[in-house]
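Text of the file protein-v5.pdb, holding PDB, C-alpha atoms:
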MODEL        1
ATOM      1  CA  MET Y1485     110.788  55.584  67.486
ATOM      2  CA  ALA Y1486     108.920  55.372  64.164
ATOM      3  CA  PHE Y1487     106.552  58.154  63.151
ATOM      4  CA  VAL Y1488     103.077  56.630  62.753
ATOM      5  CA  GLY Y1489      99.993  58.124  61.116
ATOM      6  CA  ARG Y1490      99.198  61.844  61.131
ATOM      7  CA  ALA Y1491      99.842  62.140  57.384
ATOM      8  CA  ARG Y1492      97.148  64.787  56.872
ATOM      9  CA  GLN Y1493      98.167  66.802  59.935
ATOM     10  CA  LEU Y1494     101.838  66.620  58.978
ATOM     11  CA  SER Y1495     101.085  67.826  55.459
ATOM     12  CA  ARG Y1496      99.225  70.825  56.876
ATOM     13  CA  VAL Y1497     102.193  71.842  59.036
ATOM     14  CA  LEU Y1498     104.601  71.340  56.140
ATOM     15  CA  ALA Y1499     102.367  73.481  53.905
ATOM     16  CA  VAL Y1500     102.688  76.308  56.439
ATOM     17  CA  VAL Y1501     106.463  75.952  56.339
ATOM     18  CA  ASP Y1502     106.472  75.981  52.511
ATOM     19  CA  ASP Y1503     104.335  79.101  52.473
ATOM     20  CA  ALA Y1504     106.605  80.883  54.948
ATOM     21  CA  ALA Y1505     109.706  79.928  52.957
ATOM     22  CA  ARG Y1506     108.364  82.104  50.161
ATOM     23  CA  GLY Y1507     108.717  85.156  52.387
ATOM     24  CA  ARG Y1508     105.681  85.503  54.644
ATOM     25  CA  ALA Y1509     105.820  84.732  58.360
ATOM     26  CA  ARG Y1510     103.276  82.067  59.324
ATOM     27  CA  LEU Y1511     101.839  80.551  62.494
ATOM     28  CA  ALA Y1512     100.725  76.979  63.169
ATOM     29  CA  LEU Y1513      99.035  75.887  66.400
ATOM     30  CA  VAL Y1514      99.017  72.189  67.287
ATOM     31  CA  SER Y1515      96.652  71.177  70.077
ATOM     32  CA  GLY Y1516      95.542  68.057  71.885
ATOM     33  CA  PRO Y1517      95.716  66.336  75.267
ATOM     34  CA  ALA Y1518      98.894  65.077  76.939
ATOM     35  CA  GLY Y1519     100.584  62.233  75.071
ATOM     36  CA  ILE Y1520      98.578  62.637  71.864
ATOM     37  CA  GLY Y1521     101.701  63.287  69.776
ATOM     38  CA  LYS Y1522     102.002  67.070  69.399
ATOM     39  CA  THR Y1523     105.746  67.210  70.025
ATOM     40  CA  THR Y1524     106.306  64.134  67.859
ATOM     41  CA  LEU Y1525     104.402  65.700  64.958
ATOM     42  CA  ILE Y1526     106.302  68.978  65.203
ATOM     43  CA  GLY Y1527     109.617  67.156  65.523
ATOM     44  CA  GLU Y1528     108.855  65.175  62.370
ATOM     45  CA  ALA Y1529     107.964  68.354  60.498
ATOM     46  CA  VAL Y1530     111.190  70.046  61.611
ATOM     47  CA  LEU Y1531     113.198  66.971  60.619
ATOM     48  CA  ARG Y1532     111.655  66.818  57.156
ATOM     49  CA  THR Y1533     112.185  70.504  56.413
ATOM     50  CA  GLY Y1534     115.787  70.524  57.590
ATOM     51  CA  LEU Y1535     115.386  74.175  58.574
ATOM     52  CA  PRO Y1536     117.176  75.752  61.554
ATOM     53  CA  VAL Y1537     114.999  75.687  64.640
ATOM     54  CA  GLY Y1538     114.821  77.408  67.994
ATOM     55  CA  TRP Y1539     112.769  75.250  70.370
ATOM     56  CA  GLY Y1540     111.498  76.574  73.689
ATOM     57  CA  THR Y1541     109.353  74.634  76.136
ATOM     58  CA  CYS Y1542     107.227  76.225  78.834
ATOM     59  CA  ALA Y1543     107.736  74.782  82.295
ATOM     60  CA  ASP Y1544     105.040  73.792  84.769
ATOM     61  CA  ALA Y1545     106.635  75.817  87.538
ATOM     62  CA  GLU Y1546     105.641  79.074  89.213
ATOM     63  CA  ARG Y1547     109.226  80.239  89.606
ATOM     64  CA  THR Y1548     110.210  79.933  85.955
ATOM     65  CA  PRO Y1549     111.412  83.338  84.699
ATOM     66  CA  ALA Y1550     109.041  85.301  82.505
ATOM     67  CA  LEU Y1551     109.590  84.733  78.764
ATOM     68  CA  TRP Y1552     111.573  81.569  79.495
ATOM     69  CA  PRO Y1553     110.429  79.641  76.373
ATOM     70  CA  TRP Y1554     111.446  82.610  74.231
ATOM     71  CA  THR Y1555     114.840  82.742  75.942
ATOM     72  CA  VAL Y1556     115.534  79.113  75.057
ATOM     73  CA  ALA Y1557     114.103  79.397  71.536
ATOM     74  CA  LEU Y1558     116.083  82.546  70.718
ATOM     75  CA  ARG Y1559     119.305  81.021  72.010
ATOM     76  CA  GLY Y1560     118.741  77.987  69.821
ATOM     77  CA  LEU Y1561     118.008  80.086  66.765
ATOM     78  CA  VAL Y1562     121.036  82.330  67.312
ATOM     79  CA  THR Y1563     123.232  79.244  67.668
ATOM     80  CA  ALA Y1564     121.838  77.818  64.425
ATOM     81  CA  LEU Y1565     121.852  80.980  62.310
ATOM     82  CA  ASP Y1566     124.518  83.204  63.879
ATOM     83  CA  PRO Y1567     126.998  80.923  65.688
ATOM     84  CA  ALA Y1568     129.737  83.555  65.548
ATOM     85  CA  GLY Y1569     127.441  86.086  67.205
ATOM     86  CA  SER Y1570     128.213  88.727  64.568
ATOM     87  CA  GLY Y1571     124.574  89.748  64.230
ATOM     88  CA  LEU Y1572     124.096  90.198  67.948
ATOM     89  CA  ALA Y1573     127.399  92.026  68.249
ATOM     90  CA  ALA Y1574     126.164  94.520  65.661
ATOM     91  CA  LEU Y1575     123.002  95.315  67.597
ATOM     92  CA  ALA Y1576     122.387  98.901  68.535
ATOM     93  CA  PRO Y1577     123.109  99.459  72.251
ATOM     94  CA  ALA Y1578     119.434 100.177  72.913
ATOM     95  CA  ASP Y1579     118.340  96.894  71.315
ATOM     96  CA  ALA Y1580     121.048  94.949  73.139
ATOM     97  CA  ALA Y1581     119.881  96.395  76.441
ATOM     98  CA  GLU Y1582     116.278  95.408  75.682
ATOM     99  CA  LEU Y1583     117.169  91.889  74.547
ATOM    100  CA  ALA Y1584     119.215  91.358  77.691
ATOM    101  CA  ARG Y1585     115.885  90.911  79.458
ATOM    102  CA  VAL Y1586     115.399  87.743  77.371
ATOM    103  CA  LEU Y1587     119.062  86.857  76.759
ATOM    104  CA  PRO Y1588     120.947  88.011  79.884
ATOM    105  CA  GLU Y1589     124.301  87.277  78.259
ATOM    106  CA  LEU Y1590     123.797  90.386  76.098
ATOM    107  CA  ALA Y1591     123.684  92.737  79.059
ATOM    108  CA  PRO Y1592     126.584  95.186  79.090
ATOM    109  CA  ALA Y1593     128.329  95.645  82.411
ATOM    110  CA  GLY Y1594     126.364  97.912  84.717
ATOM    111  CA  ALA Y1595     123.386  98.081  82.362
ATOM    112  CA  GLY Y1596     119.980  98.922  83.768
ATOM    113  CA  GLY Y1597     116.600 100.135  82.646
ATOM    114  CA  ARG Y1598     115.523 103.727  82.378
ATOM    115  CA  ALA Y1599     115.511 105.458  85.719
ATOM    116  CA  ASP Y1600     112.060 106.950  85.041
ATOM    117  CA  GLU Y1601     110.395 103.702  83.949
ATOM    118  CA  GLN Y1602     109.298 100.501  85.660
ATOM    119  CA  PRO Y1603     110.823  97.392  83.982
ATOM    120  CA  ASP Y1604     107.383  95.824  83.552
ATOM    121  CA  SER Y1605     105.594  98.915  82.286
ATOM    122  CA  ASP Y1606     103.668  98.813  79.014
ATOM    123  CA  ALA Y1607     106.248 101.042  77.340
ATOM    124  CA  ALA Y1608     109.155  98.829  78.435
ATOM    125  CA  ARG Y1609     107.374  95.684  77.293
ATOM    126  CA  LEU Y1610     106.577  97.217  73.908
ATOM    127  CA  ARG Y1611     110.233  98.182  73.362
ATOM    128  CA  LEU Y1612     111.331  94.669  74.331
ATOM    129  CA  PHE Y1613     108.846  93.005  71.994
ATOM    130  CA  ASP Y1614     109.854  95.309  69.159
ATOM    131  CA  ALA Y1615     113.532  94.493  69.707
ATOM    132  CA  VAL Y1616     112.819  90.750  69.682
ATOM    133  CA  ALA Y1617     110.841  91.134  66.454
ATOM    134  CA  ARG Y1618     113.660  93.043  64.764
ATOM    135  CA  VAL Y1619     116.273  90.467  65.803
ATOM    136  CA  LEU Y1620     114.121  87.583  64.606
ATOM    137  CA  GLU Y1621     113.494  89.297  61.290
ATOM    138  CA  GLY Y1622     117.212  89.961  60.904
ATOM    139  CA  LEU Y1623     118.101  86.324  61.640
ATOM    140  CA  VAL Y1624     115.618  84.764  59.233
ATOM    141  CA  ARG Y1625     116.532  87.086  56.394
ATOM    142  CA  GLN Y1626     119.683  84.955  56.184
ATOM    143  CA  ALA Y1627     117.675  81.719  55.872
ATOM    144  CA  PRO Y1628     114.151  80.474  56.615
ATOM    145  CA  ALA Y1629     113.780  79.212  60.173
ATOM    146  CA  ILE Y1630     111.317  77.792  62.664
ATOM    147  CA  VAL Y1631     110.517  78.830  66.229
ATOM    148  CA  VAL Y1632     108.724  76.189  68.309
ATOM    149  CA  LEU Y1633     106.982  77.037  71.581
ATOM    150  CA  ASP Y1634     105.893  73.831  73.295
ATOM    151  CA  ASP Y1635     103.501  73.337  76.236
ATOM    152  CA  LEU Y1636     101.879  76.751  75.869
ATOM    153  CA  GLN Y1637      99.255  75.756  78.432
ATOM    154  CA  TRP Y1638     101.929  76.642  80.995
ATOM    155  CA  ALA Y1639     103.118  79.853  79.305
ATOM    156  CA  ASP Y1640     103.400  82.983  81.412
ATOM    157  CA  ALA Y1641     101.395  86.031  80.388
ATOM    158  CA  SER Y1642     104.438  87.816  78.909
ATOM    159  CA  SER Y1643     105.307  84.841  76.677
ATOM    160  CA  LEU Y1644     101.763  84.752  75.316
ATOM    161  CA  ALA Y1645     101.784  88.517  74.805
ATOM    162  CA  LEU Y1646     105.063  88.330  72.856
ATOM    163  CA  LEU Y1647     103.652  85.510  70.701
ATOM    164  CA  ARG Y1648     100.594  87.650  69.961
ATOM    165  CA  PHE Y1649     102.781  90.677  69.146
ATOM    166  CA  LEU Y1650     104.928  88.697  66.704
ATOM    167  CA  VAL Y1651     102.356  86.736  64.745
ATOM    168  CA  ARG Y1652      99.406  89.091  64.379
ATOM    169  CA  PRO Y1653     100.968  91.684  62.038
ATOM    170  CA  TYR Y1654     102.050  90.838  58.500
ATOM    171  CA  ARG Y1655     105.799  90.203  58.489
ATOM    172  CA  PRO Y1656     107.514  89.725  55.080
ATOM    173  CA  VAL Y1657     110.155  87.287  56.330
ATOM    174  CA  PRO Y1658     110.510  83.470  56.026
ATOM    175  CA  LEU Y1659     109.699  82.671  59.657
ATOM    176  CA  VAL Y1660     107.463  79.890  60.961
ATOM    177  CA  VAL Y1661     106.216  79.976  64.555
ATOM    178  CA  ILE Y1662     104.708  76.684  65.764
ATOM    179  CA  GLY Y1663     102.920  76.600  69.094
ATOM    180  CA  ALA Y1664     101.773  73.422  70.853
ATOM    181  CA  TYR Y1665      99.459  73.144  73.815
ATOM    182  CA  ARG Y1666      97.113  70.880  75.739
ATOM    183  CA  ASP Y1667      93.731  72.287  74.875
ATOM    184  CA  ASP Y1668      92.116  70.611  77.889
ATOM    185  CA  GLU Y1669      94.496  72.292  80.362
ATOM    186  CA  LEU Y1670      94.296  75.949  79.321
ATOM    187  CA  ASP Y1671      93.287  78.632  81.780
ATOM    188  CA  ASP Y1672      90.905  81.331  80.603
ATOM    189  CA  THR Y1673      93.673  83.809  79.739
ATOM    190  CA  ALA Y1674      95.681  81.395  77.609
ATOM    191  CA  ALA Y1675      92.540  80.036  75.961
ATOM    192  CA  GLY Y1676      91.494  83.561  74.983
ATOM    193  CA  VAL Y1677      94.882  84.421  73.456
ATOM    194  CA  LEU Y1678      95.212  81.146  71.546
ATOM    195  CA  ASP Y1679      91.646  81.266  70.270
ATOM    196  CA  GLU Y1680      92.351  84.743  68.938
ATOM    197  CA  LEU Y1681      95.615  83.676  67.313
ATOM    198  CA  ALA Y1682      93.989  80.638  65.704
ATOM    199  CA  ALA Y1683      92.321  83.051  63.280
ATOM    200  CA  HIS Y1684      95.778  84.202  62.140
ATOM    201  CA  GLY Y1685      97.294  80.779  61.486
ATOM    202  CA  GLU Y1686      96.781  77.092  60.816
ATOM    203  CA  SER Y1687      95.151  75.163  63.656
ATOM    204  CA  VAL Y1688      95.886  71.434  63.825
ATOM    205  CA  ALA Y1689      93.946  69.503  66.488
ATOM    206  CA  LEU Y1690      95.208  66.001  67.250
ATOM    207  CA  ARG Y1691      92.947  63.195  68.432
ATOM    208  CA  GLY Y1692      93.254  59.413  68.599
ATOM    209  CA  LEU Y1693      94.867  57.318  65.862
ATOM    210  CA  SER Y1694      92.738  55.164  63.565
ATOM    211  CA  ARG Y1695      92.639  51.383  63.896
ATOM    212  CA  ASP Y1696      95.054  50.988  60.953
ATOM    213  CA  GLU Y1697      97.453  53.528  62.454
ATOM    214  CA  VAL Y1698      97.322  51.742  65.815
ATOM    215  CA  PHE Y1699      98.102  48.479  64.005
ATOM    216  CA  GLU Y1700     101.179  50.153  62.483
ATOM    217  CA  LEU Y1701     102.221  51.406  65.917
ATOM    218  CA  VAL Y1702     101.688  47.993  67.540
ATOM    219  CA  ALA Y1703     103.548  46.268  64.689
ATOM    220  CA  ALA Y1704     106.589  48.431  65.456
ATOM    221  CA  THR Y1705     106.606  46.891  68.949
ATOM    222  CA  LEU Y1706     105.261  43.360  68.477
ATOM    223  CA  ASP Y1707     105.916  40.775  65.781
ATOM    224  CA  GLY Y1708     103.452  40.319  62.896
ATOM    225  CA  PRO Y1709     101.178  37.701  64.536
ATOM    226  CA  GLY Y1710     101.239  39.633  67.819
ATOM    227  CA  ALA Y1711     100.194  42.838  66.061
ATOM    228  CA  GLN Y1712      97.380  41.028  64.252
ATOM    229  CA  ARG Y1713      96.194  39.592  67.541
ATOM    230  CA  TRP Y1714      96.339  42.676  69.702
ATOM    231  CA  ALA Y1715      95.832  45.743  67.455
ATOM    232  CA  ASP Y1716      92.033  45.828  67.795
ATOM    233  CA  GLU Y1717      92.256  45.344  71.557
ATOM    234  CA  VAL Y1718      94.847  48.114  71.917
ATOM    235  CA  HIS Y1719      92.745  50.484  69.804
ATOM    236  CA  SER Y1720      89.599  49.685  71.782
ATOM    237  CA  ARG Y1721      91.253  50.084  75.180
ATOM    238  CA  THR Y1722      93.133  53.297  74.359
ATOM    239  CA  GLY Y1723      90.835  55.029  71.873
ATOM    240  CA  GLY Y1724      93.853  55.373  69.592
ATOM    241  CA  HIS Y1725      95.762  57.545  72.067
ATOM    242  CA  PRO Y1726      99.333  56.984  70.791
ATOM    243  CA  PHE Y1727     101.141  57.217  74.128
ATOM    244  CA  LEU Y1728      98.718  54.860  75.831
ATOM    245  CA  ALA Y1729      98.709  52.523  72.809
ATOM    246  CA  ARG Y1730     102.491  52.309  72.775
ATOM    247  CA  GLN Y1731     102.627  51.661  76.507
ATOM    248  CA  LEU Y1732     100.026  48.904  76.221
ATOM    249  CA  ALA Y1733     101.775  47.347  73.219
ATOM    250  CA  GLU Y1734     105.053  47.225  75.131
ATOM    251  CA  LEU Y1735     103.257  45.567  78.034
ATOM    252  CA  LEU Y1736     101.691  42.963  75.727
ATOM    253  CA  GLY Y1737     105.081  42.265  74.193
ATOM    254  CA  ASP Y1738     106.605  41.417  77.578
ATOM    255  CA  PRO Y1739     105.798  37.792  78.511
ATOM    256  CA  ALA Y1740     106.752  38.470  82.113
ATOM    257  CA  ARG Y1741     103.884  40.928  82.567
ATOM    258  CA  SER Y1742     100.121  40.479  82.658
ATOM    259  CA  ALA Y1743      97.930  41.846  79.850
ATOM    260  CA  GLY Y1744      95.639  43.234  82.533
ATOM    261  CA  GLU Y1745      98.403  45.268  84.160
ATOM    262  CA  VAL Y1746      98.296  49.057  83.880
ATOM    263  CA  PRO Y1747     101.734  50.607  83.189
ATOM    264  CA  ALA Y1748     102.862  53.247  85.688
ATOM    265  CA  ALA Y1749     103.123  55.909  82.965
ATOM    266  CA  VAL Y1750      99.523  55.232  81.955
ATOM    267  CA  ARG Y1751      98.394  55.530  85.565
ATOM    268  CA  GLU Y1752     100.079  58.935  85.730
ATOM    269  CA  VAL Y1753      98.280  60.191  82.601
ATOM    270  CA  VAL Y1754      94.911  58.949  83.873
ATOM    271  CA  ALA Y1755      95.542  60.390  87.336
ATOM    272  CA  ARG Y1756      96.390  63.782  85.823
ATOM    273  CA  ARG Y1757      93.074  63.873  84.015
ATOM    274  CA  THR Y1758      90.913  62.601  86.857
ATOM    275  CA  ALA Y1759      92.554  65.118  89.203
ATOM    276  CA  ARG Y1760      90.581  67.803  87.355
ATOM    277  CA  LEU Y1761      87.278  66.132  88.249
ATOM    278  CA  SER Y1762      85.078  66.661  91.282
ATOM    279  CA  SER Y1763      84.876  63.808  93.770
ATOM    280  CA  ALA Y1764      81.365  62.955  92.543
ATOM    281  CA  ALA Y1765      82.574  62.763  88.939
ATOM    282  CA  VAL Y1766      85.543  60.570  89.934
ATOM    283  CA  THR Y1767      83.194  58.146  91.686
ATOM    284  CA  MET Y1768      80.926  58.001  88.647
ATOM    285  CA  VAL Y1769      83.838  57.502  86.224
ATOM    286  CA  GLU Y1770      85.284  54.718  88.371
ATOM    287  CA  THR Y1771      81.892  52.995  88.322
ATOM    288  CA  ALA Y1772      81.544  53.540  84.579
ATOM    289  CA  ALA Y1773      85.001  52.073  83.925
ATOM    290  CA  VAL Y1774      83.793  48.683  85.124
ATOM    291  CA  ALA Y1775      81.103  48.650  82.408
ATOM    292  CA  GLY Y1776      83.496  49.162  79.482
ATOM    293  CA  ASN Y1777      83.562  51.803  76.751
ATOM    294  CA  ASP Y1778      79.818  52.218  76.149
ATOM    295  CA  LEU Y1779      77.906  53.922  78.943
ATOM    296  CA  LEU Y1780      74.155  53.834  79.540
ATOM    297  CA  PRO Y1781      73.275  56.916  81.605
ATOM    298  CA  ASP Y1782      70.110  55.420  83.050
ATOM    299  CA  VAL Y1783      71.919  52.289  84.206
ATOM    300  CA  LEU Y1784      74.812  54.374  85.514
ATOM    301  CA  GLY Y1785      72.411  56.573  87.453
ATOM    302  CA  GLU Y1786      70.728  53.559  88.996
ATOM    303  CA  VAL Y1787      74.019  51.975  90.044
ATOM    304  CA  CYS Y1788      75.377  55.231  91.480
ATOM    305  CA  GLY Y1789      72.089  56.351  93.010
ATOM    306  CA  LEU Y1790      72.011  59.545  90.939
ATOM    307  CA  ASP Y1791      69.164  61.286  89.144
ATOM    308  CA  PRO Y1792      69.394  61.748  85.328
ATOM    309  CA  ALA Y1793      70.216  65.468  85.552
ATOM    310  CA  THR Y1794      73.162  64.807  87.883
ATOM    311  CA  VAL Y1795      74.448  61.990  85.665
ATOM    312  CA  ALA Y1796      74.275  64.288  82.634
ATOM    313  CA  ALA Y1797      76.126  67.078  84.449
ATOM    314  CA  LEU Y1798      78.865  64.717  85.671
ATOM    315  CA  CYS Y1799      79.233  63.219  82.195
ATOM    316  CA  GLU Y1800      79.712  66.721  80.774
ATOM    317  CA  GLU Y1801      82.377  67.336  83.408
ATOM    318  CA  GLY Y1802      84.126  64.128  82.322
ATOM    319  CA  VAL Y1803      83.979  65.149  78.643
ATOM    320  CA  ALA Y1804      85.428  68.583  79.440
ATOM    321  CA  ALA Y1805      88.337  66.937  81.283
ATOM    322  CA  GLY Y1806      89.008  64.528  78.411
ATOM    323  CA  VAL Y1807      88.143  61.494  80.536
ATOM    324  CA  LEU Y1808      84.943  60.686  78.622
ATOM    325  CA  VAL Y1809      84.037  61.204  74.964
ATOM    326  CA  ARG Y1810      80.621  61.487  73.366
ATOM    327  CA  ASP Y1811      79.536  58.757  71.006
ATOM    328  CA  GLY Y1812      80.922  59.406  67.543
ATOM    329  CA  GLU Y1813      83.649  61.809  68.695
ATOM    330  CA  PRO Y1814      87.344  60.852  68.453
ATOM    331  CA  ALA Y1815      89.143  60.004  71.666
ATOM    332  CA  ARG Y1816      91.357  62.658  73.231
TER     333      ARG Y1816
ENDMDL
END
Can you dump the structure from the file as C-alpha cells?
Amino acid sequence: MAFVGRARQLSRVLAVVDDAARGRARLALVSGPAGIGKTTLIGEAVLRTGLPVGWGTCADAERTPALWPWTVALRGLVTALDPAGSGLAALAPADAAELARVLPELAPAGAGGRADEQPDSDAARLRLFDAVARVLEGLVRQAPAIVVLDDLQWADASSLALLRFLVRPYRPVPLVVIGAYRDDELDDTAAGVLDELAAHGESVALRGLSRDEVFELVAATLDGPGAQRWADEVHSRTGGHPFLARQLAELLGDPARSAGEVPAAVREVVARRTARLSSAAVTMVETAAVAGNDLLPDVLGEVCGLDPATVAALCEEGVAAGVLVRDGEPAR
C-alpha cells in the first residue's frame, strides 16, 4: 500500500530520529483518531531510517498483563540488537530478576521478589523502571534504535508510568521513543500523562488529507479517469480521512457494488465513534447526516424539536467525539 501525503509530519518524525542519532534520547508523540494513519506514518519513518525497532502495541483488553507493550517492544529490540543474548546474559543477577517482570524468560529458577516487599510497591516499581532504563541504554549504545508504543489510549497505568520515567530525564544515548494514540479515546489519566510528556518531545497531530492527497490515494486504487471523476466526491464524503477514503475508493472501483453502499469497515468506525454519544446526540447526528456536511443549527433544532441551547450542547458533544467538526477545522 503506497504511502500518501503526510510529508510535513513525516519530516518532523524523521528530524527527531536524526537528532537522537547524534546521542540524545528523544520522544515523538503521534496522535489522531482511529484510521487516520498514525501507524502508517510511523511505519514509513521506521522504514526510511532503517534503524532497529522494538514495536509494542497496547491491547484493548482488561486481562492484558501490565507492561505488555514494553514486553513486546523490548523483545523486539533485543532480537534486533542482541540476537545472541550476550548482553542479557551479562546482566547483574539483581537486574535480571527485575527485568523478569517484563521479560519472564529471564527469570532464574525459583526466583522471587524480596520477602519484605510487595511486588507492586513504589520501591519495586522504581527498581524495575531503573533496570529497564539501564538495559535500553546498554542496547542502544551499540547502535541507534527506535521503540514504538502503539495504541497508548489502551495503555495500563504501569506502561504509562514507565514511559514517563524513561523520557522525562535527559539520557545521552541514541534512542527514539515514538508513542501513538487516539486522542479522542483517552481517559483522564492517560490524557494527563501524555499532555505532560508532550512538553518533552515532538507532538504530531494527524487530521484529514488534503484534496490533492486524496486524489493521489484514489489514483492508487482507480484508473486515471476514475480518480479524476471521484476524488472530489471521496474527499467531500470522508473529510480526507485516509482509511475511509481508501474504503470508499475501493467500493467505487468495484462495478458490482453501488456507490451509495457503506463498506462494513466504515460502518464499524462510525459505530465506534457514535457509541460514545448520548442517545439524544445520536438522534441529532442521524438527522443531521441527511442534510449533508453543512449544518444549520436553527434548522436542525426545528427539525429535531430542540431549543438552541440543547442543539449547541449536543453539537459540542459530537465535536468532542470526533463525529462533527467545526467549520474551518480539519476533519478527524
Exercise. Care to translate the PyMOL selection byres ((chain Y and resi 1724) around 7) into actual residues of this file, as a ChimeraX atom specification?
Worked result: /Y:1692-1694,1698,1719,1722-1723,1725-1726,1729,1815
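Rounded to one decimal, CA of Gly1540 in chain Y and CA of Asp1634 in chain Y lie 6.3 Å from each other.
Straight-line separation from CA of Val1631 in chain Y to CA of Pro1588 in chain Y: 19.5 Å.
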Problem set entry | Residues selected by the PyMOL selection byres ((chain Y and resi 1670) around 12), written as a ChimeraX atom specification | /Y:1515-1517,1635-1640,1664-1669,1671-1679,1804-1805
Problem set entry | CA of Glu1717 in chain Y to CA of Arg1695 in chain Y, distance in Å rounded to a single decimal | 9.8 Å
Exercise. Taking into account only C-alpha atoms, which residue in the set Y:Arg1757, Y:Arg1585, Y:Arg1713, Y:Arg1496 is nearest to Ile1526 in chain Y?
Worked result: Y:Arg1496
Exercise on range 1685-1694 of chain Y, axis-aligned box with 6 Å per side, report centre and edge lengths in Å to one decimal, as AutoDock Vina command-line options:
--center_x 95.0 --center_y 68.0 --center_z 64.7 --size_x 16.6 --size_y 37.6 --size_z 19.8
Exercise. So what does the PyMOL selection byres ((chain Y and resi 1572-1576) around 12) actually pick up in this one, as a PyMOL selection string?
Worked result: chain Y and resi 1558-1559+1561-1563+1565-1571+1577-1584+1587+1589-1592+1615-1616+1618-1620+1622-1623
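The shortest atom-to-atom distance to Gly1560 in chain Y, with only C-alpha atoms taken into account, belongs to Y:Ala1629 out of Y:Arg1721, Y:Ala1629, Y:Leu1498, Y:Ala1796.
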Problem set entry | Neighbour list for Ser1687 in chain Y as JSON, numbers by chain, cut-off 9 Å, only C-alpha atoms, skip fewer than 2 positions in-chain | {"Y": [1511, 1512, 1513, 1514, 1515, 1682, 1683, 1685, 1689]}
Mind checking which residues fall within 8 Å of Met1768 in chain Y, counting only C-alpha atoms, ignoring those fewer than 2 positions away in the same chain, and posting them as an mmCIF file with C-alpha atoms, in the coordinates of the input?
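Full text of part-v8.cif as output:
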data_model
loop_
_atom_site.group_PDB
_atom_site.id
_atom_site.type_symbol
_atom_site.label_atom_id
_atom_site.label_comp_id
_atom_site.auth_asym_id
_atom_site.auth_seq_id
_atom_site.Cartn_x
_atom_site.Cartn_y
_atom_site.Cartn_z
ATOM 1 C CA ALA Y 1764 81.365 62.955 92.543
ATOM 2 C CA ALA Y 1765 82.574 62.763 88.939
ATOM 3 C CA VAL Y 1766 85.543 60.570 89.934
ATOM 4 C CA GLU Y 1770 85.284 54.718 88.371
ATOM 5 C CA THR Y 1771 81.892 52.995 88.322
ATOM 6 C CA ALA Y 1772 81.544 53.540 84.579
ATOM 7 C CA LEU Y 1784 74.812 54.374 85.514
ATOM 8 C CA CYS Y 1788 75.377 55.231 91.480
ATOM 9 C CA LEU Y 1798 78.865 64.717 85.671
#
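Neighbouring residues of Ala1491 in chain Y at 12 Å or closer, counting all atoms listed in the file and skipping chain neighbours under 3 positions away, are Y:Phe1487, Y:Val1488, Y:Leu1494, Y:Ser1495, Y:Arg1496, Y:Val1497, Y:Leu1498, Y:Leu1525, Y:Glu1528, Y:Ala1529, Y:Val1688, Y:Leu1690, Y:Leu1693, Y:Ser1694, Y:Glu1697.
If only C-alpha atoms are the atoms counted, then among Y:Val1530, Y:Leu1779, Y:Ala1564, Y:Val1586 the closest residue to Val1809 in chain Y is Y:Leu1779.
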